[in-house]
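Participant: A single structure is presented below for examination.
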Amino acid sequence: MSVSYTHLDVYKRQVVLTGILVLGACGNGGSSSTGSSSASGSADNQLEAIKAAGVLNVATSADFAPFEFHALIDGKDTIVGADIDMVNEIADRLGVEVNILDLDFNAVLTALQQGKADIAVSGISATDERKQTFDFTDNYFTPEQKVVVNKNNESAFDSIESLSGKKVGAQKGSIQEMIVQDQLADSQLVSIAKVPNLVNELKQGSIDGLVLESAVAESYVAQNDDLVITDVALEASEGDSYAIALPKGSTELQEELNSILKELIEDGTIDEYVQKNTDLANENAAQ
């Protein structure tokens, strides 16, 4: 299944200082020229509209290894990741192509709401607030949440209490923002749109800690020997799990995606995608 990419930003074509080759993309809410299939039919007929258009437009934020990130594949800047493998498999089963819209994370759901994408897949949690505006598939991955700090601060930041009054980063618009606010309430939340920028802030000492999903945290720590995952115990919940976001009322599409996801979860394919792309992110960083 071929994948096309749209609206790449010059900034993310530079090598990010974190060590990951995140060569990224648009951060201003741009969209694909093809537009969402929902423009040609009601939400209830979204599935048939996608099949008729022959393309599945997917909004994501490709700075979240191993789920979606930029890597050099055969010398080409390519959007890859566990979520990308998943949507490619979904598209194969629907008999359509995939078109990726690469945006800032806080613009991903906006693009879906504006009809610029058919689905949003970007490590998105189906919170009660989001459910008021969007429909979601069943959860396909439940992450643990971790706090990453500079290695020389590992002993100093070993508990929730030790981060009181400290600056703790999280991706703007993400579930990690809510985790900092709820579980590290005495710390100072620092929200930035891109995870690589947050990692740079941590490495430079501008923030004291950074909350990341466990696979993402492990990937960045593997590529930056001056960073470490702490023993700070954050609670994980079903509400932190990842799901695919859909336009409100996309009943047929939701049912079809749930059927596909059920198979991919039960046969271990999703876990394989995560491990495969964790290895890929580490390999690209070492090149």
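Starting from 1 in every chain, residues are counted up; chains themselves are A, B, ... following the order of the structure tokens, and ligands are numbered from 1 as listed.
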Fewer than 2 positions away in the same chain doesn't count, so skip those; otherwise give me all residues within 10 Å of segment 146-152 of chain A, counting only C-alpha atoms, as an MDAnalysis selection string.
Facilitator: chainID A and resid 143:144 154:160 168:170 176 180 199 202:205 207:218 220:221 224:236
Participant: So which residues touch segment 267-269 of chain A within 12 Å, counting only C-alpha atoms, skipping near sequence neighbours fewer than 3 positions away, as a list in words?
Facilitator: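 Once the adjacent positions are removed, what remains is Ala82, Asp83, Asp85, Met86, Glu89, Tyr140, Phe141, Ile260, Leu261, Lys262, Glu263, Leu264, Glu272, Tyr273, Val274, Gln275 and Lys276 of chain A.
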Participant: Give the answer as one residue: which of A:Leu253, A:Ala59, A:Lys172, A:Gly95 has the shortest atom-to-atom distance to Ser122 of chain A, using only C-alpha atoms?
Facilitator: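 Looking at the shortest contact to Ser122 of chain A, the residue is A:Ala59.
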Participant: Segment 48-145 of chain A: which residues are strand (DSSP E or B) by DSSP, as number ranges by chain?
Facilitator: A: 55-60, 63-64, 68-73, 76-80, 97-102, 119-120, 125, 134-136, 141, 145
Participant: Just the selected residues (N, CA and C atoms), exported as a compact mmCIF listing (two decimals), in the first residue's frame, please.
Facilitator:
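Result file follows (result.txt):
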# COMPACT_ATOMS: atom_id res chain seq x y z
N VAL A 55 -9.22 6.50 -0.74
CA VAL A 55 -8.14 7.01 0.09
C VAL A 55 -8.63 7.21 1.51
N LEU A 56 -7.78 6.89 2.46
CA LEU A 56 -8.04 7.11 3.88
C LEU A 56 -7.12 8.23 4.34
N ASN A 57 -7.69 9.39 4.64
CA ASN A 57 -6.91 10.55 5.09
C ASN A 57 -6.73 10.48 6.61
N VAL A 58 -5.48 10.45 7.04
CA VAL A 58 -5.15 10.21 8.44
C VAL A 58 -4.39 11.40 9.01
N ALA A 59 -4.94 12.02 10.05
CA ALA A 59 -4.24 13.10 10.75
C ALA A 59 -3.38 12.51 11.85
N THR A 60 -2.13 12.95 11.93
CA THR A 60 -1.21 12.46 12.96
C THR A 60 -0.19 13.54 13.28
N ASP A 63 5.96 12.90 15.63
CA ASP A 63 7.10 13.21 16.49
C ASP A 63 7.02 12.37 17.77
N PHE A 64 6.42 11.18 17.67
CA PHE A 64 6.04 10.40 18.83
C PHE A 64 6.49 8.95 18.65
N GLU A 68 4.56 7.18 15.81
CA GLU A 68 4.64 7.90 14.54
C GLU A 68 5.84 8.83 14.60
N PHE A 69 6.73 8.69 13.63
CA PHE A 69 7.94 9.50 13.63
C PHE A 69 8.56 9.48 12.24
N HIS A 70 9.51 10.38 12.02
CA HIS A 70 10.23 10.45 10.75
C HIS A 70 11.51 9.65 10.86
N ALA A 71 11.84 8.91 9.82
CA ALA A 71 13.07 8.14 9.76
C ALA A 71 13.59 8.15 8.33
N LEU A 72 14.89 7.95 8.19
CA LEU A 72 15.48 7.82 6.86
C LEU A 72 15.39 6.37 6.43
N ILE A 73 14.59 6.11 5.42
CA ILE A 73 14.42 4.76 4.87
C ILE A 73 14.92 4.79 3.44
N LYS A 76 15.47 8.21 2.21
CA LYS A 76 14.32 9.10 2.06
C LYS A 76 13.66 9.37 3.42
N ASP A 77 13.24 10.61 3.62
CA ASP A 77 12.50 10.99 4.81
C ASP A 77 11.12 10.33 4.75
N THR A 78 10.83 9.44 5.68
CA THR A 78 9.61 8.65 5.64
C THR A 78 8.92 8.67 7.00
N ILE A 79 7.60 8.82 6.99
CA ILE A 79 6.83 8.73 8.22
C ILE A 79 6.55 7.25 8.49
N VAL A 80 6.99 6.79 9.66
CA VAL A 80 6.86 5.38 10.04
C VAL A 80 6.30 5.32 11.46
N GLU A 97 -5.95 3.57 -0.45
CA GLU A 97 -4.63 4.12 -0.18
C GLU A 97 -4.66 4.92 1.12
N VAL A 98 -3.47 5.27 1.63
CA VAL A 98 -3.35 6.08 2.84
C VAL A 98 -2.73 7.43 2.48
N ASN A 99 -3.30 8.48 3.02
CA ASN A 99 -2.73 9.82 2.88
C ASN A 99 -2.52 10.38 4.29
N ILE A 100 -1.26 10.68 4.62
CA ILE A 100 -0.91 11.15 5.96
C ILE A 100 -0.85 12.67 5.99
N LEU A 101 -1.53 13.27 6.97
CA LEU A 101 -1.43 14.70 7.24
C LEU A 101 -0.63 14.85 8.53
N ASP A 102 0.57 15.41 8.46
CA ASP A 102 1.46 15.50 9.60
C ASP A 102 1.35 16.89 10.23
N ILE A 119 -9.84 10.08 9.81
CA ILE A 119 -9.56 9.57 11.15
C ILE A 119 -8.34 10.29 11.70
N ALA A 120 -8.18 10.22 13.02
CA ALA A 120 -6.98 10.77 13.67
C ALA A 120 -6.33 9.65 14.46
N SER A 125 -5.85 9.47 23.39
CA SER A 125 -6.68 8.85 24.42
C SER A 125 -8.11 9.36 24.32
N PHE A 134 -16.03 13.83 19.46
CA PHE A 134 -15.61 12.79 18.52
C PHE A 134 -16.09 11.42 18.97
N ASP A 135 -16.19 10.51 18.01
CA ASP A 135 -16.34 9.11 18.32
C ASP A 135 -14.96 8.47 18.34
N PHE A 136 -14.86 7.31 19.00
CA PHE A 136 -13.58 6.61 19.10
C PHE A 136 -13.79 5.11 18.88
N PHE A 141 -4.15 0.11 22.52
CA PHE A 141 -2.88 0.01 23.24
C PHE A 141 -3.00 0.79 24.54
N GLN A 145 2.91 5.32 32.02
CA GLN A 145 3.41 6.69 31.96
C GLN A 145 4.68 6.79 32.80
Participant: Among the residues of segment 160-287 of chain A, find those DSSP assigns to alpha helix (DSSP H) from the backbone and print them as an NGL selection string.
Facilitator: :A and (175-183 or 195-204 or 214-223 or 251-266 or 269-286)
Participant: Could you pull the residues within 7 Å of Gly54 of chain A, counting only C-alpha atoms, minus those fewer than 3 positions along the same chain, as a list of chain:residue names?
Facilitator: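 My reading of the contact set: A:Ile50, A:Lys51, A:Val96, A:Glu97.
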Participant: Mind writing the picked residues with N, CA, C and O atoms as a PDB file, in the first residue's frame?
Facilitator:
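Below is the file result-v5.pdb, written as the result:
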ATOM      1  N   ILE A  50     -15.160   6.689   2.142  1.00  0.00           N
ATOM      2  CA  ILE A  50     -13.726   6.414   2.080  1.00  0.00           C
ATOM      3  C   ILE A  50     -13.428   5.405   0.972  1.00  0.00           C
ATOM      4  O   ILE A  50     -12.499   5.579   0.173  1.00  0.00           O
ATOM      5  N   LYS A  51     -14.237   4.348   0.897  1.00  0.00           N
ATOM      6  CA  LYS A  51     -14.027   3.338  -0.139  1.00  0.00           C
ATOM      7  C   LYS A  51     -14.249   3.918  -1.530  1.00  0.00           C
ATOM      8  O   LYS A  51     -13.517   3.604  -2.470  1.00  0.00           O
ATOM      9  N   VAL A  96      -8.047   0.639   0.144  1.00  0.00           N
ATOM     10  CA  VAL A  96      -7.804   2.039  -0.214  1.00  0.00           C
ATOM     11  C   VAL A  96      -6.344   2.399   0.048  1.00  0.00           C
ATOM     12  O   VAL A  96      -5.596   1.647   0.682  1.00  0.00           O
ATOM     13  N   GLU A  97      -5.954   3.572  -0.449  1.00  0.00           N
ATOM     14  CA  GLU A  97      -4.632   4.124  -0.183  1.00  0.00           C
ATOM     15  C   GLU A  97      -4.660   4.916   1.123  1.00  0.00           C
ATOM     16  O   GLU A  97      -5.727   5.215   1.666  1.00  0.00           O
TER      17      GLU A  97
END
Participant: Return the single residue from A:Glu283, A:Asp128, A:Glu177, A:Glu238 that is closest to Asn106 of chain A, with distances computed using only C-alpha atoms.
Facilitator: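 Among the listed residues, A:Glu177 lies closest to Asn106 of chain A.
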Participant: Could you list, as a list in words, every residue within 12 Å of Thr251 of chain A, counting only C-alpha atoms and ignoring same-chain residues fewer than 2 positions away?
Facilitator: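 Answer for this query is Ser42, Ala43, Asp44, Asn45, Gln46, Leu47, Glu48, Phe134, Asp135, Phe136, Thr137, Leu246, Pro247, Lys248, Gly249, Leu253, Gln254, Glu255, Glu256, Leu257 and Asn258 of chain A.
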Participant: So which one's closest to Ala222 of chain A, A:Asn139, A:Ser259, A:Ser187, A:Asn284? Using only C-alpha atoms, please.
Facilitator: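 When distances to Ala222 of chain A are compared using only C-alpha atoms, the smallest one comes from A:Asn284.
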Participant: Work out how far apart atom CA of Ser206 of chain A and atom CA of Ala107 of chain A are and give it in Å to one decimal.
Facilitator: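 Computed distance, atom CA of Ser206 of chain A to atom CA of Ala107 of chain A, equals 24.9 Å.
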Participant: What is the distance between atom CA of Leu163 of chain A and atom CA of Leu198 of chain A, in Å to one decimal?
Facilitator: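 Result for atom CA of Leu163 of chain A versus atom CA of Leu198 of chain A: 16.9 Å, one decimal.
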